[in-house]
Amino acid sequence: MAERDTAHDSASAFATARRAWLQARVTELSEELSDFGPQLHPLVPSDLGDQRLVNALALTRLAADEARVQPVSESVAWLKLLIPNGHRYDLAGAVREIRSALTAAEDPALWSWNAEGWEELVLALWRRDRALKVEPSRVDDELVSRWGVHTAETAGIHHPERAPQRHGLSLTSLAGYLAAEAEPMGLLTQAVLSQADVVDAIEDSLAVHEEALQSAGHLEFLTEQRLCAERLDEWCEKHASGASEATGAFLEELSESIESYRDRVVQPVIDSLSACERALFDTTPLAEPRARHEYLAEFLDCVGTPAASAGAEEALDSRIAQEAGDRTARDELTWHGMRGSVPVWYHIVTSPQERAAALAFSGAATSSAIRIHADVVGPEQFDLFDVDWPDAPDGPEEWYPEPGIELRYSRHSVTDLCELLALAALGHARLEFLVQGADGDFVLLRSLRAEVRPGDASDWARGALTHLRILLPNVGDLADVIAREDEEEDDGPDADADGWGDPDRSDSPSDSGEESAHQDSTRTTGTDGSGGPDAPAPPVGGPLPAHLLARVRAILRQAEDSATTPEESETFLQKATELMAKYGIEQAMLQGDDPVSERPADRVVEVTAPWMRECKRLLASIAMQLRCQAISPGGKANQHRVHLFGFASDLHAVEVLYASLRLQMLRGADTADAEHRPAEEDRRAYKRSWMFGFIRAVAVRIGEAERAAREESERDRQSDTADVGQGRSVALVLADRTMAVDAQVKSRYPKLGKARRTRFTGSGYRQGHTDGQQADIGGLSLEDGGEGEEGLSA
C-alpha cells in the first residue's frame, strides 16, 4: 500500500497516474482502429495533431454512433468532413465493417453502455492536446468543421485532482488528512492501517477490484483510500463499545473526521471524473455493480457478429429475416435479441394501421406502443413502462391493435436475464419493424432507438441480477449454460434453423463403438447441412485407414489409462501423434505433384459441456499444430460449434487426438483439484487455469511430434530419390496445403475478428503445464490468437 505523506505528493501522483493511464488507453484504441477498420484506418487524416488521438476519437465516435442507434449515413456525414475528399471513398462500407466488428470487441470502452462516455473523454483529450499547438479559436472551428460537433464548448476536460480546492483542501491520503486535522488522529490512523491483517485485507480487496478498474492507477488510489476509511470506521466502531467516556468521545471525533474526508476530499474528485472513469470507479466498491459487469462481460462472449448487410441502409440482417420467417410460422410477431452490446427488439408489422403507427412512433418510452413483461421482480414492478392499459390517455387503440408490441423475458432463462442486464446498462434498445413483402421475403420497415425509463431499468437490473445469481452462482459457467439453452431450443420443431445442423450427423468422430467414453465429446456435421446444395464436396482423400486408426486408438487408450505414469503417458501420446502426422505428410507427398487431386475439406465439430470454452481451446490448439484452422462461427446458436478447415487426413487426426486429450484434460483437472489446489482458492478458477497450462503443454508436444514426422519424411524422400534435386520437398508440399487451407478459410469467412485475450485468476497453470509436459516454462498469461490456441472468431 503506497503511503503519500503530503497533499502535494498525493495530487501530483494522482495526476501523473491518470495521465499515464489515459495515454495508454488512447494508444490501445488507436491500434484497435487498424484492427476493426482496415478500410478506414489509412484514410484518417494526419493534419489534426497526435495521430493516436485522432484514430482513437474516430473509433470511439463510431462506437457511440452504433450505441445511439444512429443511421450509417450520419456517421458517413461527419467522416466526409473529417477526411479530405471523403466523398470519393466507400465510407458507408467502412462504417458497416467497423460496426460489425464492434459486436465482438473485447475492449469495454467500445461496449454500447460505455461508448458515449469514452467518445466525450477522447474528444476532450484531443481538444486539449490540439490547443497546445494551434490557436484555441482554430480548435473550436475544427471541432465543428472537421469533426461535425455541434457545440464545441461541450468538449472540455477536468482536472479532478484540483477539485477539493473549493473546500480549501488538496487531494491527499486519509492518513495525511487526519494528521493535518490533529496529530493524535494521524498517529492512531497510521497505527491501525499498518496492522498486518488490515494491510492484507485492503490489498485483497484491491485485487478484487483490479479488473474492473482496468489498470487505472489513479482510480486505484481513490479505491484504496475509501477502503482505508471503511477499515478505520470498523475499528472505531469495534473499540467504541465498552470504552471510557473520553475514549468514546475521541473515537466519535475520529469517525466524524473520516466522514469529512470522504465528503470534502474524495467525493469532489469522483464528481470531477469523466463519465467513463466514474463508471469504472462506481463498479468497483459494491458487489452488485461488479457482479453485473462480470455477467455482462461473459455474456458478450456469447453474442454473435451480424451479417455484412446488417449495417446497410434499409437492409435487414439475413439471419433476422430467417428468424422472422420461423417466428411467423409459430404465430409469434415480437421477440428480443442482441446486436453486439446493443439490445434489439423486433416486431413484425401485420396491418396497414400498424405500419402507419410504426412509421410515426418517436421511440420515447411509452406504454401505449410497447409492453415489456418479465417475471424477475415483484408485481409492483411487473411492467417496465408501468402501464395501465384501460385508462392510458394514449391507449393502444391509437397505436396498435391489442396487445401491441409485447416483449417477454423469463427469469428461468440465463440468456433473457443477461439481455435484461444489457438493456438496463444501456437505457434503450434498437427497435426494428419488419414487414413481409408479396414475395414472402421480410424487409426492414424502420429502425430506431426506443427509450427506457431509468428508474424502471434499475429495478429490472436488480431483479435480473438476483435471479442470475440463483440460476448461475459461478459466472464462469455462463457459456455452458447458454449453450445448453440453445440445444434445448434446437431440439424443438425448428431445430437447426440456422443451417448448421445435420440430421444424419455422427455421434462420434470414430466409426466404431470402442470409444463410448468419448461419444458425447464431439459431433461433426457438414458446413451447411447434410447433402444440401451448399454442402462441401466430399474430399478425395479419406480418413485414417482402419489399421492405422486401430493402432492409434490402442496407443491412446494406454495414454489415458489412470495406471500409466505421466512419463509413459507422454511417450504414448507422442507416438500416436507421430503416426497420424506421418500419415498426413505421406498423403500430402503422394498428392504433391498433383495438388488438385485432393482438395481442402471442412467440418463442424460440436463441443459439449462441461468446460465447453476450454474444450474449444484444446481443439483449436490441436488443429493449429496439425496444419488445420479452427474458426468460432460466432452467434449464440453456435457457441458450442467449431468450424475446422484442413485436408481430410489431418482433420481426422485432429478429431481423434481431441477425443483422447479432452478426456485426459477433464480427468487431470479433477485430480489436480483434489491434490494440489490451495484450500482457500476457488475450485473453478484453479481448474480453469490448470487446463490452460495443460493445453499449452500438449500443443507444444503435438507440434514437436509433427516436426519430427516431417523431418523423418524428408529423410526418407531424400534416401529414396536418386537425384535429391528432383521432386518437391516436404516443406514445399505442406506449404502449398497450408496456403490452400488459408484460401478456403478466407473464402468462407472473409472478415475474421481477432480472438479475445483470455484472463484467468487461478494458480493452477504451472501444475497444469507440469502435468501436460513435465516441464515449467513460466509465465501466467495467455494471449488468444498469439499462438492460435483458440482460433479466430468470425
# chains A, B, ... in the order shown; residues from 1 in each chain; ligands from 1
$ residues_around --residues "A:Ile202" --least-positions-apart "6" --cutoff "10 Å" --atoms "only C-alpha atoms" --output "PyMOL selection string"
chain A and resi 1+193+208+223-228+230-231
$ residues_around --residues "A:Lys80" --least-positions-apart "2" --cutoff "12 Å" --atoms "only C-alpha atoms" --output "PyMOL selection string"
chain A and resi 40+43-45+73-78+82-92+95+145-148
$ write_last_selection --atoms "N, CA, C and O atoms" --output "short mmCIF file (atom, residue, chain, number, x, y, z; two decimals), in the first residue's frame"
data_model
loop_
_atom_site.label_atom_id
_atom_site.label_comp_id
_atom_site.auth_asym_id
_atom_site.auth_seq_id
_atom_site.Cartn_x
_atom_site.Cartn_y
_atom_site.Cartn_z
N LEU A 40 -10.91 2.04 -43.17
CA LEU A 40 -10.94 3.42 -42.71
C LEU A 40 -9.58 3.90 -42.21
O LEU A 40 -9.22 5.07 -42.39
N LEU A 43 -7.34 6.15 -44.20
CA LEU A 43 -7.94 7.40 -44.64
C LEU A 43 -7.93 8.48 -43.57
O LEU A 43 -8.15 9.66 -43.88
N VAL A 44 -7.70 8.11 -42.31
CA VAL A 44 -7.75 9.09 -41.22
C VAL A 44 -6.65 10.12 -41.44
O VAL A 44 -5.48 9.78 -41.64
N PRO A 45 -7.00 11.41 -41.45
CA PRO A 45 -6.03 12.45 -41.80
C PRO A 45 -4.94 12.62 -40.75
O PRO A 45 -5.12 12.28 -39.58
N SER A 73 -25.65 6.60 -42.39
CA SER A 73 -25.48 7.84 -43.15
C SER A 73 -25.01 8.99 -42.27
O SER A 73 -24.27 9.87 -42.74
N GLU A 74 -25.41 9.01 -41.00
CA GLU A 74 -24.97 10.10 -40.11
C GLU A 74 -23.49 9.95 -39.77
O GLU A 74 -22.77 10.94 -39.65
N SER A 75 -23.04 8.73 -39.58
CA SER A 75 -21.60 8.53 -39.36
C SER A 75 -20.81 8.92 -40.60
O SER A 75 -19.74 9.53 -40.52
N VAL A 76 -21.34 8.58 -41.77
CA VAL A 76 -20.66 8.91 -43.02
C VAL A 76 -20.58 10.43 -43.19
O VAL A 76 -19.57 10.96 -43.68
N ALA A 77 -21.61 11.14 -42.73
CA ALA A 77 -21.64 12.60 -42.91
C ALA A 77 -20.47 13.27 -42.20
O ALA A 77 -19.78 14.12 -42.79
N TRP A 78 -20.18 12.89 -40.93
CA TRP A 78 -19.06 13.56 -40.26
C TRP A 78 -17.71 13.01 -40.74
O TRP A 78 -16.70 13.71 -40.71
N LEU A 82 -14.35 14.98 -41.95
CA LEU A 82 -13.04 14.69 -41.36
C LEU A 82 -11.99 14.37 -42.41
O LEU A 82 -10.85 14.83 -42.33
N ILE A 83 -12.37 13.58 -43.41
CA ILE A 83 -11.42 13.05 -44.38
C ILE A 83 -11.43 13.92 -45.64
O ILE A 83 -12.48 14.08 -46.26
N PRO A 84 -10.30 14.48 -46.02
CA PRO A 84 -10.26 15.26 -47.27
C PRO A 84 -10.72 14.41 -48.45
O PRO A 84 -10.28 13.26 -48.61
N ASN A 85 -11.59 14.97 -49.25
CA ASN A 85 -12.15 14.25 -50.41
C ASN A 85 -12.82 12.94 -49.97
O ASN A 85 -12.78 11.94 -50.69
N GLY A 86 -13.44 12.97 -48.79
CA GLY A 86 -14.05 11.75 -48.26
C GLY A 86 -15.15 11.19 -49.12
O GLY A 86 -15.41 9.98 -49.09
N HIS A 87 -15.80 12.04 -49.92
CA HIS A 87 -16.90 11.56 -50.76
C HIS A 87 -16.44 10.59 -51.83
O HIS A 87 -17.25 9.90 -52.45
N ARG A 88 -15.12 10.51 -52.05
CA ARG A 88 -14.61 9.62 -53.09
C ARG A 88 -14.47 8.18 -52.60
O ARG A 88 -14.21 7.29 -53.40
N TYR A 89 -14.59 7.97 -51.31
CA TYR A 89 -14.33 6.65 -50.74
C TYR A 89 -15.63 5.97 -50.33
O TYR A 89 -16.67 6.61 -50.14
N ASP A 90 -15.54 4.67 -50.16
CA ASP A 90 -16.71 3.89 -49.70
C ASP A 90 -16.76 3.97 -48.17
O ASP A 90 -16.48 3.00 -47.47
N LEU A 91 -17.12 5.13 -47.67
CA LEU A 91 -17.15 5.32 -46.22
C LEU A 91 -18.30 4.53 -45.59
O LEU A 91 -18.18 4.09 -44.45
N ALA A 92 -19.39 4.37 -46.30
CA ALA A 92 -20.50 3.57 -45.76
C ALA A 92 -20.06 2.14 -45.51
O ALA A 92 -20.37 1.54 -44.47
N VAL A 95 -17.82 2.08 -42.45
CA VAL A 95 -18.58 2.20 -41.20
C VAL A 95 -19.26 0.89 -40.86
O VAL A 95 -19.25 0.43 -39.72
N SER A 145 -16.07 22.02 -38.01
CA SER A 145 -15.91 21.85 -39.46
C SER A 145 -15.31 20.51 -39.85
O SER A 145 -15.53 20.03 -40.97
N ARG A 146 -14.54 19.89 -38.96
CA ARG A 146 -13.89 18.62 -39.30
C ARG A 146 -14.54 17.43 -38.58
O ARG A 146 -14.63 16.34 -39.15
N TRP A 147 -14.91 17.62 -37.33
CA TRP A 147 -15.47 16.51 -36.56
C TRP A 147 -17.00 16.51 -36.53
O TRP A 147 -17.62 15.55 -36.07
N GLY A 148 -17.61 17.59 -37.01
CA GLY A 148 -19.07 17.64 -37.04
C GLY A 148 -19.71 17.76 -35.67
O GLY A 148 -20.85 17.35 -35.47
#
$ atom_distance --atom1 "atom CA of A:Gly693" --atom2 "atom CA of A:Arg766"
6.2 Å
$ residues_around --residues "stretch 51-60 of chain A" --least-positions-apart "2" --cutoff "6 Å" --atoms "only C-alpha atoms" --output "MDAnalysis selection string"
chainID A and resid 26:27 29:30 33 62:63 119 122 126
$ write_last_selection --atoms "N, CA and C atoms" --output "PDB file, in the first residue's frame"
ATOM      1  N   VAL A  26      -5.560   5.560 -24.947  1.00  0.00           N
ATOM      2  CA  VAL A  26      -5.636   6.156 -26.280  1.00  0.00           C
ATOM      3  C   VAL A  26      -4.810   5.338 -27.271  1.00  0.00           C
ATOM      4  N   THR A  27      -3.636   4.890 -26.856  1.00  0.00           N
ATOM      5  CA  THR A  27      -2.799   4.079 -27.735  1.00  0.00           C
ATOM      6  C   THR A  27      -3.502   2.776 -28.093  1.00  0.00           C
ATOM      7  N   LEU A  29      -6.774   2.159 -28.125  1.00  0.00           N
ATOM      8  CA  LEU A  29      -7.900   2.438 -29.018  1.00  0.00           C
ATOM      9  C   LEU A  29      -7.425   2.782 -30.424  1.00  0.00           C
ATOM     10  N   SER A  30      -6.304   3.484 -30.520  1.00  0.00           N
ATOM     11  CA  SER A  30      -5.747   3.803 -31.835  1.00  0.00           C
ATOM     12  C   SER A  30      -5.370   2.532 -32.586  1.00  0.00           C
ATOM     13  N   LEU A  33      -8.380   0.644 -34.006  1.00  0.00           N
ATOM     14  CA  LEU A  33      -8.966   1.137 -35.256  1.00  0.00           C
ATOM     15  C   LEU A  33      -8.389   0.393 -36.443  1.00  0.00           C
ATOM     16  N   LEU A  62     -17.503   6.324 -33.721  1.00  0.00           N
ATOM     17  CA  LEU A  62     -18.269   5.312 -34.445  1.00  0.00           C
ATOM     18  C   LEU A  62     -18.940   4.342 -33.484  1.00  0.00           C
ATOM     19  N   ALA A  63     -18.232   3.977 -32.408  1.00  0.00           N
ATOM     20  CA  ALA A  63     -18.844   3.100 -31.402  1.00  0.00           C
ATOM     21  C   ALA A  63     -20.030   3.789 -30.745  1.00  0.00           C
ATOM     22  N   GLU A 119     -16.310   8.495 -25.939  1.00  0.00           N
ATOM     23  CA  GLU A 119     -16.286   9.498 -27.006  1.00  0.00           C
ATOM     24  C   GLU A 119     -16.086  10.887 -26.415  1.00  0.00           C
ATOM     25  N   VAL A 122     -12.346  11.202 -25.001  1.00  0.00           N
ATOM     26  CA  VAL A 122     -11.309  11.295 -26.026  1.00  0.00           C
ATOM     27  C   VAL A 122     -11.440  12.596 -26.809  1.00  0.00           C
ATOM     28  N   TRP A 126      -8.426  15.221 -27.151  1.00  0.00           N
ATOM     29  CA  TRP A 126      -7.949  15.746 -28.431  1.00  0.00           C
ATOM     30  C   TRP A 126      -7.966  17.272 -28.428  1.00  0.00           C
TER      31      TRP A 126
END
$ closest_residue --among "A:Ala324, A:Cys615, A:Leu644, A:Ala669" --to "A:Ala685" --atoms "only C-alpha atoms"
A:Ala669
